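Raw query-v1.csv, CSV, C-alpha atoms:
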```csv
chain,number,residue,atom,x,y,z
A,1,MET,CA,-14.1,-8.5,23.4
A,2,LEU,CA,-11.7,-11.0,25.0
A,3,ASP,CA,-8.4,-10.0,26.4
A,4,LEU,CA,-6.2,-9.6,23.3
A,5,ALA,CA,-3.2,-11.5,24.6
A,6,VAL,CA,-5.4,-14.5,25.5
A,7,ALA,CA,-7.3,-14.3,22.3
A,8,TYR,CA,-4.1,-14.2,20.2
A,9,ASN,CA,-2.9,-17.5,21.6
A,10,ARG,CA,-6.3,-19.2,22.0
A,11,TYR,CA,-7.4,-18.6,18.5
A,12,ARG,CA,-4.2,-18.7,16.6
A,13,PHE,CA,-5.4,-22.0,15.1
A,14,LEU,CA,-8.0,-20.0,13.1
A,15,GLY,CA,-5.2,-18.4,11.2
A,16,ASP,CA,-3.5,-21.7,10.5
A,17,GLU,CA,-6.8,-23.2,9.4
A,18,PHE,CA,-7.5,-20.2,7.2
A,19,ILE,CA,-4.3,-20.5,5.2
A,20,THR,CA,-4.7,-24.3,5.0
A,21,TRP,CA,-8.2,-23.7,3.6
A,22,LEU,CA,-6.8,-21.1,1.2
A,23,TRP,CA,-4.3,-23.6,-0.2
A,24,PHE,CA,-7.2,-26.0,-0.7
A,25,LEU,CA,-9.2,-23.3,-2.5
A,26,ILE,CA,-6.2,-22.4,-4.7
A,27,GLU,CA,-5.9,-26.0,-5.9
A,28,THR,CA,-9.6,-26.8,-6.2
A,29,ASP,CA,-11.7,-23.7,-6.7
A,30,GLN,CA,-10.1,-20.6,-8.3
A,31,ASN,CA,-13.7,-19.4,-9.1
A,32,ALA,CA,-14.4,-19.0,-5.4
A,33,ILE,CA,-11.3,-16.8,-5.1
A,34,ARG,CA,-12.3,-14.7,-8.1
A,35,SER,CA,-15.8,-14.2,-6.5
A,36,ILE,CA,-14.1,-12.6,-3.5
A,37,ASP,CA,-12.2,-10.2,-5.7
A,38,PRO,CA,-13.3,-9.9,-9.3
A,39,ASP,CA,-10.0,-8.2,-10.2
A,40,CYS,CA,-8.1,-11.4,-9.3
A,41,THR,CA,-7.1,-13.4,-12.3
A,42,ALA,CA,-5.2,-16.0,-10.3
A,43,LEU,CA,-3.9,-16.8,-6.8
A,44,GLU,CA,-1.0,-19.1,-6.7
A,45,ILE,CA,1.3,-20.7,-4.2
A,46,GLY,CA,4.7,-18.9,-4.2
A,47,ASN,CA,8.1,-20.1,-3.2
A,48,ARG,CA,7.7,-21.1,0.4
A,49,ILE,CA,5.3,-22.9,2.7
A,50,VAL,CA,5.9,-23.7,6.4
A,51,LEU,CA,4.0,-26.4,8.4
A,52,GLU,CA,4.2,-27.4,12.0
A,53,ASN,CA,3.2,-30.7,13.5
A,54,ARG,CA,2.3,-30.4,17.2
A,55,LYS,CA,1.0,-33.9,17.5
A,56,SER,CA,4.2,-35.4,18.7
A,57,LYS,CA,5.9,-34.4,22.0
A,58,SER,CA,8.4,-32.1,20.3
A,59,LEU,CA,7.3,-29.5,17.8
A,60,GLU,CA,8.2,-30.5,14.2
A,61,ARG,CA,8.6,-27.7,11.7
A,62,ILE,CA,8.7,-28.4,8.0
A,63,SER,CA,9.8,-25.6,5.5
A,64,ILE,CA,9.5,-26.1,1.8
A,65,LYS,CA,11.3,-23.5,-0.2
A,66,GLY,CA,12.1,-22.7,-3.9
A,67,ASP,CA,10.2,-21.7,-6.9
A,68,ASP,CA,9.6,-25.3,-7.8
A,69,ALA,CA,8.7,-26.3,-4.3
A,70,GLY,CA,7.3,-29.8,-4.1
A,71,LEU,CA,3.9,-29.2,-2.6
A,72,GLU,CA,3.2,-32.9,-2.4
A,73,GLU,CA,5.5,-33.0,0.6
A,74,GLY,CA,3.4,-30.3,2.2
A,75,ARG,CA,0.3,-32.2,1.7
A,76,LEU,CA,1.9,-35.3,3.0
A,77,ALA,CA,2.8,-33.4,6.2
A,78,LEU,CA,-0.9,-32.3,6.4
A,79,LYS,CA,-1.8,-36.0,6.1
A,80,LYS,CA,0.4,-36.8,9.1
A,81,GLY,CA,-1.3,-34.1,11.2
A,82,ALA,CA,0.8,-31.0,10.5
A,83,LEU,CA,-0.9,-27.6,10.1
A,84,LEU,CA,0.1,-24.9,7.7
A,85,THR,CA,1.6,-21.9,9.5
A,86,GLU,CA,3.0,-19.8,6.7
A,87,LEU,CA,2.2,-19.5,3.0
A,88,ASN,CA,3.8,-17.6,0.3
A,89,LEU,CA,1.3,-16.4,-2.3
A,90,ILE,CA,1.2,-14.7,-5.7
A,91,PHE,CA,-1.8,-12.6,-6.4
A,92,LYS,CA,-2.4,-11.6,-10.0
A,93,THR,CA,-4.7,-9.0,-11.6
A,94,GLY,CA,-4.2,-8.6,-15.3
A,95,GLU,CA,-0.6,-7.3,-15.8
A,96,ASN,CA,0.1,-6.8,-12.1
A,97,GLN,CA,1.2,-9.2,-9.4
A,98,TRP,CA,1.8,-9.1,-5.7
A,99,GLN,CA,3.9,-11.7,-3.9
A,100,PHE,CA,4.0,-12.1,-0.1
A,101,SER,CA,4.1,-14.5,2.8
A,102,LEU,CA,1.1,-14.7,5.0
A,103,LYS,CA,1.6,-15.9,8.6
A,104,GLY,CA,-1.4,-17.8,10.1
A,105,GLU,CA,-1.0,-16.9,13.7
A,106,SER,CA,-0.7,-13.1,13.1
A,107,LEU,CA,-2.1,-12.6,9.6
A,108,ASN,CA,1.0,-10.4,9.1
A,109,LEU,CA,2.3,-9.9,5.6
A,110,SER,CA,6.0,-10.2,5.1
A,111,ASN,CA,8.3,-10.1,2.0
A,112,LEU,CA,5.6,-8.2,0.2
A,113,LYS,CA,6.5,-7.2,-3.3
A,114,THR,CA,4.0,-4.9,-5.0
A,115,PRO,CA,3.8,-4.2,-8.7
A,116,GLY,CA,6.0,-1.5,-10.3
A,117,PRO,CA,9.2,0.2,-9.2
A,118,SER,CA,10.0,0.7,-5.5
A,119,ASN,CA,11.2,4.3,-6.0
A,120,PRO,CA,9.6,7.2,-7.8
A,121,PRO,CA,11.0,8.2,-11.3
A,122,SER,CA,11.7,11.7,-10.0
A,123,PRO,CA,11.4,13.5,-6.6
A,124,GLU,CA,8.6,15.7,-8.0
A,125,GLU,CA,6.5,12.6,-8.5
A,126,MET,CA,7.0,11.4,-4.9
A,127,GLU,CA,3.5,12.3,-3.7
A,128,PHE,CA,1.7,10.6,-6.6
A,129,PHE,CA,4.0,7.6,-6.3
A,130,LEU,CA,3.3,7.2,-2.5
A,131,LEU,CA,-0.4,7.4,-3.0
A,132,ASP,CA,-0.2,4.7,-5.7
A,133,LYS,CA,2.0,2.6,-3.4
A,134,ALA,CA,-0.5,3.0,-0.5
A,135,GLU,CA,-3.3,1.9,-2.9
A,136,GLN,CA,-1.3,-1.2,-3.8
A,137,PHE,CA,-0.8,-2.1,-0.1
A,138,ASN,CA,-4.5,-1.5,0.5
A,139,LYS,CA,-5.5,-3.7,-2.5
A,140,ILE,CA,-3.7,-6.8,-1.1
A,141,ILE,CA,-4.7,-6.2,2.5
A,142,LYS,CA,-8.4,-5.8,1.6
A,143,PHE,CA,-8.2,-9.0,-0.4
A,144,ILE,CA,-6.8,-10.8,2.6
A,145,GLU,CA,-9.5,-9.3,4.9
A,146,LEU,CA,-12.3,-10.2,2.5
A,147,THR,CA,-10.9,-13.8,2.1
A,148,PHE,CA,-10.6,-14.2,5.8
A,149,LYS,CA,-14.2,-12.8,6.2
A,150,SER,CA,-15.5,-15.5,3.8
A,151,PHE,CA,-13.5,-18.1,5.7
A,152,ILE,CA,-14.7,-17.1,9.2
A,153,HIS,CA,-18.4,-17.1,8.1
A,154,LEU,CA,-17.9,-20.6,6.7
A,155,ARG,CA,-15.9,-21.7,9.7
A,156,ILE,CA,-18.7,-20.8,12.1
A,157,SER,CA,-21.4,-22.4,9.9
A,158,ASN,CA,-22.5,-26.0,9.9
A,159,ASN,CA,-21.1,-26.4,6.4
A,160,TRP,CA,-17.6,-26.3,7.8
A,161,SER,CA,-17.9,-29.7,9.5
A,162,LYS,CA,-20.5,-31.2,7.1
A,163,LYS,CA,-18.9,-30.2,3.8
A,164,VAL,CA,-15.7,-28.3,3.9
A,165,VAL,CA,-13.7,-30.5,6.3
A,166,PRO,CA,-14.6,-33.8,4.5
A,167,ASN,CA,-13.6,-32.1,1.2
A,168,ILE,CA,-10.3,-30.9,2.6
A,169,LYS,CA,-9.6,-34.4,4.0
A,170,LYS,CA,-10.4,-35.9,0.7
A,171,TRP,CA,-8.0,-33.4,-1.0
A,172,ILE,CA,-5.2,-34.2,1.5
A,173,SER,CA,-5.6,-38.0,1.2
A,174,SER,CA,-5.7,-37.8,-2.6
A,175,ILE,CA,-1.9,-37.2,-2.7
A,176,ASP,CA,0.0,-40.2,-4.1
A,177,VAL,CA,3.4,-40.6,-2.4
B,1,MET,CA,11.7,-1.0,7.3
B,2,GLY,CA,10.5,1.6,4.9
B,3,LEU,CA,7.4,1.5,2.7
B,4,LEU,CA,9.7,2.3,-0.2
B,5,SER,CA,11.7,-0.9,0.3
B,6,SER,CA,11.5,-3.4,-2.5
B,7,SER,CA,10.1,-5.9,0.0
B,8,VAL,CA,8.1,-4.9,3.1
B,9,SER,CA,6.5,-6.5,6.2
B,10,ILE,CA,3.2,-5.1,7.4
B,11,SER,CA,1.3,-5.4,10.7
B,12,ARG,CA,-2.2,-4.1,10.7
B,13,TYR,CA,-4.1,-2.2,13.4
B,14,ARG,CA,-7.6,-0.9,13.9
B,15,VAL,CA,-7.7,2.5,15.7
B,16,GLU,CA,-10.2,2.6,18.5
B,17,GLY,CA,-11.9,6.0,18.8
B,18,LYS,CA,-11.7,9.4,17.1
B,19,ILE,CA,-9.8,12.6,17.7
B,20,LYS,CA,-11.7,15.8,18.3
B,21,ASN,CA,-11.6,18.3,15.4
B,22,PRO,CA,-9.5,19.8,14.0
B,23,VAL,CA,-7.9,16.4,13.4
B,24,THR,CA,-4.8,17.4,11.4
B,25,GLU,CA,-3.8,19.9,14.1
B,26,ALA,CA,-4.3,17.4,16.9
B,27,VAL,CA,-2.2,14.8,15.0
B,28,ALA,CA,0.5,17.4,14.4
B,29,LYS,CA,0.5,18.3,18.1
B,30,GLY,CA,0.8,14.6,19.2
B,31,LEU,CA,3.7,14.1,16.7
B,32,LYS,CA,5.6,17.2,17.8
B,33,LYS,CA,5.1,16.5,21.5
B,34,ASN,CA,6.4,12.9,21.1
B,35,ALA,CA,9.0,13.5,18.4
B,36,ILE,CA,12.3,11.5,18.7
B,37,THR,CA,14.9,13.1,20.9
B,38,ASP,CA,18.6,12.6,20.2
B,39,ILE,CA,20.4,10.6,22.8
B,40,ASP,CA,23.9,10.7,21.4
B,41,GLU,CA,25.0,13.3,23.9
B,42,ASP,CA,23.4,11.7,27.0
B,43,ALA,CA,23.5,8.5,29.0
B,44,SER,CA,20.1,7.1,27.8
B,45,GLU,CA,20.3,3.7,26.2
B,46,LYS,CA,17.1,3.9,24.2
B,47,SER,CA,14.8,6.6,22.7
B,48,VAL,CA,11.5,6.1,21.0
B,49,GLY,CA,9.6,8.8,19.1
B,50,TRP,CA,8.0,10.0,15.9
B,51,THR,CA,9.9,11.2,13.0
B,52,SER,CA,9.2,12.5,9.5
B,53,PHE,CA,8.8,9.9,6.7
B,54,ASP,CA,10.8,12.0,4.2
B,55,ASN,CA,13.4,13.3,6.7
B,56,PRO,CA,13.8,10.7,9.5
B,57,PHE,CA,17.0,12.2,10.9
B,58,SER,CA,15.8,15.9,11.1
B,59,PRO,CA,12.1,15.5,11.9
B,60,THR,CA,9.7,18.3,11.2
B,61,PHE,CA,5.9,18.2,11.4
B,62,GLU,CA,5.2,21.7,10.3
B,63,GLY,CA,2.2,22.5,8.1
B,64,SER,CA,0.8,19.3,6.7
B,65,SER,CA,4.1,17.6,5.8
B,66,PHE,CA,2.8,14.3,7.2
B,67,LEU,CA,-0.5,14.5,5.2
B,68,LEU,CA,-0.7,12.6,2.0
B,69,GLY,CA,-4.1,12.8,0.3
B,70,ASN,CA,-6.4,11.6,3.0
B,71,LEU,CA,-3.6,9.6,4.7
B,72,PHE,CA,-1.3,10.4,7.6
B,73,VAL,CA,2.2,9.1,6.7
B,74,PHE,CA,5.0,9.4,9.3
B,75,SER,CA,7.5,7.1,11.0
B,76,LEU,CA,8.4,5.6,14.3
B,77,ARG,CA,12.1,5.9,15.1
B,78,ILE,CA,13.8,3.8,17.8
B,79,ASP,CA,17.4,4.7,18.7
B,80,ARG,CA,19.3,2.2,20.7
B,81,LYS,CA,22.8,2.0,22.1
B,82,SER,CA,24.1,-1.4,22.1
B,83,ILE,CA,26.8,-2.2,24.7
B,84,SER,CA,28.3,-5.6,24.1
B,85,ALA,CA,28.9,-8.0,27.0
B,86,LYS,CA,32.6,-8.1,26.1
B,87,LEU,CA,32.9,-4.4,26.1
B,88,LEU,CA,31.1,-4.2,29.4
B,89,LYS,CA,33.3,-6.9,30.9
B,90,LYS,CA,36.5,-5.1,29.8
B,91,HIS,CA,35.5,-1.8,31.4
B,92,MET,CA,34.2,-3.5,34.5
B,93,THR,CA,37.6,-5.2,34.9
B,94,ILE,CA,39.5,-1.9,34.5
B,95,GLU,CA,37.2,0.0,36.9
B,96,THR,CA,37.2,-2.8,39.5
B,97,THR,CA,41.0,-2.9,39.5
B,98,LYS,CA,41.2,0.9,39.9
B,99,ARG,CA,38.8,0.8,42.9
B,100,LEU,CA,40.6,-2.1,44.6
B,101,ASP,CA,44.0,-0.5,44.2
B,102,LYS,CA,42.7,2.8,45.6
B,103,SER,CA,41.0,1.1,48.6
B,104,LYS,CA,43.8,-1.5,49.1
B,105,ARG,CA,41.1,-4.2,49.3
B,106,ARG,CA,40.9,-7.6,47.6
B,107,PHE,CA,37.1,-7.6,46.8
B,108,LEU,CA,34.2,-5.3,46.2
B,109,SER,CA,30.9,-5.9,48.0
B,110,LYS,CA,27.8,-7.0,46.0
B,111,ASP,CA,26.3,-3.6,46.3
B,112,GLU,CA,29.6,-1.9,45.2
B,113,LYS,CA,29.8,-4.2,42.1
B,114,LYS,CA,26.1,-3.3,41.2
B,115,ALA,CA,26.7,0.4,41.6
B,116,LEU,CA,30.0,0.2,39.6
B,117,LYS,CA,28.2,-1.7,36.8
B,118,GLU,CA,25.5,1.0,36.6
B,119,LYS,CA,28.3,3.7,36.4
B,120,VAL,CA,30.2,1.8,33.7
B,121,ILE,CA,27.1,1.3,31.6
B,122,MET,CA,26.2,5.1,32.0
B,123,ASP,CA,29.8,6.1,31.0
B,124,LEU,CA,29.8,3.9,28.0
B,125,ALA,CA,26.3,5.0,26.9
B,126,MET,CA,27.6,8.6,26.9
B,127,ARG,CA,30.4,7.6,24.5
B,128,ILE,CA,28.6,5.2,22.2
B,129,PRO,CA,26.4,6.7,19.4
B,130,SER,CA,22.9,5.2,19.1
B,131,THR,CA,21.8,3.1,16.2
B,132,PRO,CA,18.5,4.3,14.6
B,133,ASN,CA,15.8,2.1,13.3
B,134,VAL,CA,13.0,3.7,11.3
B,135,TYR,CA,9.6,2.1,10.7
B,136,ASP,CA,7.1,3.8,8.5
B,137,LEU,CA,3.4,4.0,9.2
B,138,ILE,CA,0.3,4.8,7.1
B,139,TRP,CA,-2.8,6.0,9.0
B,140,ASP,CA,-6.1,6.1,7.1
B,141,TYR,CA,-8.0,8.2,9.7
B,142,GLU,CA,-11.4,7.9,8.0
B,143,LYS,CA,-11.2,4.1,7.9
B,144,SER,CA,-9.5,3.8,11.3
B,145,ASP,CA,-6.8,1.6,9.7
B,146,VAL,CA,-3.1,1.8,10.5
B,147,TYR,CA,-0.5,-0.1,8.4
B,148,PHE,CA,2.8,-0.4,10.3
B,149,PHE,CA,5.8,-1.5,8.2
B,150,SER,CA,7.4,-3.9,10.7
B,151,SER,CA,6.3,-7.2,12.2
B,152,LEU,CA,9.0,-7.1,15.0
B,153,ARG,CA,7.3,-7.7,18.3
B,154,SER,CA,9.4,-5.0,20.1
B,155,SER,CA,8.8,-2.3,17.5
B,156,ASN,CA,5.1,-3.1,17.5
B,157,GLU,CA,4.9,-2.8,21.3
B,158,ASP,CA,6.7,0.5,21.2
B,159,LEU,CA,4.3,1.7,18.5
B,160,GLU,CA,1.2,0.7,20.5
B,161,SER,CA,2.4,2.6,23.6
B,162,LEU,CA,3.6,5.7,21.8
B,163,PHE,CA,0.5,6.0,19.7
B,164,LYS,CA,-1.7,5.8,22.8
B,165,ARG,CA,0.5,8.4,24.6
B,166,SER,CA,0.5,10.8,21.5
B,167,PHE,CA,-3.1,10.7,20.4
B,168,ASP,CA,-5.0,9.1,23.3
B,169,LEU,CA,-6.3,6.4,20.9
B,170,ALA,CA,-5.8,2.7,21.4
B,171,LEU,CA,-4.4,0.5,18.5
B,172,ILE,CA,-5.9,-2.9,18.3
B,173,ARG,CA,-3.7,-5.3,16.5
B,174,ILE,CA,-5.4,-7.3,13.7
B,175,PHE,CA,-4.8,-11.1,14.0
B,176,PRO,CA,-7.2,-14.0,13.4
B,177,TYR,CA,-9.5,-13.3,16.4
B,178,THR,CA,-9.7,-9.5,16.0
B,179,SER,CA,-10.1,-9.9,12.3
B,180,ALA,CA,-13.1,-12.1,12.9
B,181,ASP,CA,-14.5,-10.0,15.7
B,182,LEU,CA,-13.9,-6.5,14.2
B,183,LEU,CA,-13.7,-6.8,10.5
B,184,SER,CA,-16.1,-9.7,9.5
B,185,ASN,CA,-19.5,-8.3,10.2
B,186,LEU,CA,-20.5,-11.2,12.5
B,187,SER,CA,-23.9,-11.2,14.1
B,188,ASP,CA,-24.2,-11.6,17.9
B,189,GLN,CA,-24.9,-15.3,17.5
B,190,GLU,CA,-21.9,-15.7,15.2
B,191,ARG,CA,-19.7,-13.9,17.8
B,192,ASP,CA,-20.9,-16.4,20.4
B,193,ASP,CA,-20.2,-19.2,18.1
B,194,LEU,CA,-16.7,-17.8,17.4
B,195,ILE,CA,-15.9,-17.9,21.1
B,196,GLY,CA,-16.8,-21.6,21.3
B,197,LEU,CA,-14.6,-22.7,18.3
B,198,SER,CA,-12.0,-25.4,18.8
B,199,PRO,CA,-9.3,-26.6,16.4
B,200,THR,CA,-10.2,-28.7,13.3
B,201,HIS,CA,-8.3,-31.9,12.7
B,202,PHE,CA,-7.7,-32.4,9.0
B,203,SER,CA,-5.9,-35.7,9.4
B,204,ASP,CA,-7.6,-38.9,10.7
```

How does this structure look as structure tokens?
Amino acid sequence: MLDLAVAYNRYRFLGDEFITWLWFLIETDQNAIRSIDPDCTALEIGNRIVLENRKSKSLERISIKGDDAGLEEGRLALKKGALLTELNLIFKTGENQWQFSLKGESLNLSNLKTPGPSNPPSPEEMEFFLLDKAEQFNKIIKFIELTFKSFIHLRISNNWSKKVVPNIKKWISSIDV
Amino acid sequence: MGLLSSSVSISRYRVEGKIKNPVTEAVAKGLKKNAITDIDEDASEKSVGWTSFDNPFSPTFEGSSFLLGNLFVFSLRIDRKSISAKLLKKHMTIETTKRLDKSKRRFLSKDEKKALKEKVIMDLAMRIPSTPNVYDLIWDYEKSDVYFFSSLRSSNEDLESLFKRSFDLALIRIFPYTSADLLSNLSDQERDDLIGLSPTHFSD
């Protein structure tokens, strides 16, 4: 394995590409997401996306926030050469939902809200409550791992440049501004 | 940040290697040996150690208090004393004036100033209580997964070194490259292809 500090910086683009691809998938192919996790009833963009444009001399950062965030602006930024670096997501399974932000470069989850209350109904129920909580963290982390696994296999394959990239480009350029 | 907070941040790790049996006893030993030590009564500016998830200010690792089902759940505590620049300047000025008056000189040498600064910091550290920060951790020993409830770089670095020191096991942080290399079941050919990847340009 490569030196981890070197690998972190050298391949951080993979994380940015992963969440860009995920956004594309959310808007164009929910079935593909459901095939990764059959429990998933929907994966939606949440209340924040962050993009960075490193094409110009100075780094340009674009944050779009709010529950009714105008994602057209984000796609316009992609069109101008920006990359998605952070994406807030809502993952739904039946009655439950998880909301969190996913950072491309680290794949860290932040502002994660899991289903149900954040404290046990009584101290006696703490152990059961914690096990349930751990299961909820595990559920969303395994979903991210499986989704990244699908992405990386696709990314390494010839289909990435032959099919996926042209489709993402088409999706980006389809925005009317 | 605690795993019971309404909103949490998580960094993920893969544990490299296994502990010799009996595992629970070995983990307890590592936790006890590296439990947080209180620095309120001494001159240290920082203390890093393990603490109990359910009792972070009076840690105990007796029995299987850190065992939850098949998971280990405990916390990293980082106590730090913060001496502000203004406070340091004030006490440096007071102590410098005292020294100069006593020695009937107009200036202190560079070495004297450096030594005085160290003494002032030590004296202040003795008087200032530390501020604790507690970060929870879930370790699924069977799956070699660690979920650490903080994404702060400094707390992650402290976790990595303390974990290694306590259990003689390395933590490998999960980020795009390690997720691909360790968790994605790539073939040898795919690993070679991964190394050679370069960024995609989605705009023309």

Using all atoms listed in the file, which protein or nucleic acid residues come within 12 Å of region 52-64 of chain A? Drop anything in the same chain fewer than 3 positions from it, and give the result as a PyMOL selection string. (chain A and resi 13+16+20+45-49+67-88+104-105) or (chain B and resi 201-203)

Check every residue of chain A for an atom within 7 Å of chain B, counting all atoms listed in the file, and provide those that qualify as JSON, numbers by chain. {"A": [7, 8, 11, 12, 13, 14, 15, 78, 79, 80, 81, 105, 106, 107, 108, 109, 110, 111, 112, 113, 118, 119, 149, 152, 156, 165, 169]}

Between CA of Gln99 (chain A) and CA of Ser122 (chain A), distance in Å (one decimal): 25.4 Å

Shortest interatomic distance to Ala32 (chain A) - which of A:Trp160, A:Trp171, A:Phe18, A:Phe151, counting only C-alpha atoms: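 Looking at the shortest contact to Ala32 (chain A), the residue is A:Phe151.
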
I'd like the interatomic distance between CA of Lys119 (chain B) and CA of Leu88 (chain B), to a tenth of an Å.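 Between these atoms lies a distance of 10.9 Å.
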
Atomic separation - CA of Lys81 (chain B) relative to CA of Glu45 (chain B), Å: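 Straight-line distance from CA of Glu45 (chain B) to CA of Lys81 (chain B) works out to 5.1 Å.
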
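Shortest atom-to-atom contact with Leu102 (chain A) among A:Gln136, A:Leu89, A:Ser150, A:Pro38: A:Leu89, counting all atoms listed in the file.
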
Quick one: residues within 9 Å of Thr147 (chain A), all atoms listed in the file, excluding same-chain residues fewer than 6 positions away - as a CSV table (one decimal) with C-alpha atoms, in the coordinates of the input?
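Wrote it out as selection_16.csv, contents follow:
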```csv
chain,number,residue,atom,x,y,z
A,18,PHE,CA,-7.5,-20.2,7.2
A,22,LEU,CA,-6.8,-21.1,1.2
A,33,ILE,CA,-11.3,-16.8,-5.1
A,36,ILE,CA,-14.1,-12.6,-3.5
A,37,ASP,CA,-12.2,-10.2,-5.7
```

Could you list, as a list in words, every residue within 10 Å of Gln30 (chain A), counting only C-alpha atoms and ignoring same-chain residues fewer than 5 positions away?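 The filter keeps Phe24, Leu25, Ser35, Cys40, Thr41, Ala42, Leu43 and Glu44 of chain A.
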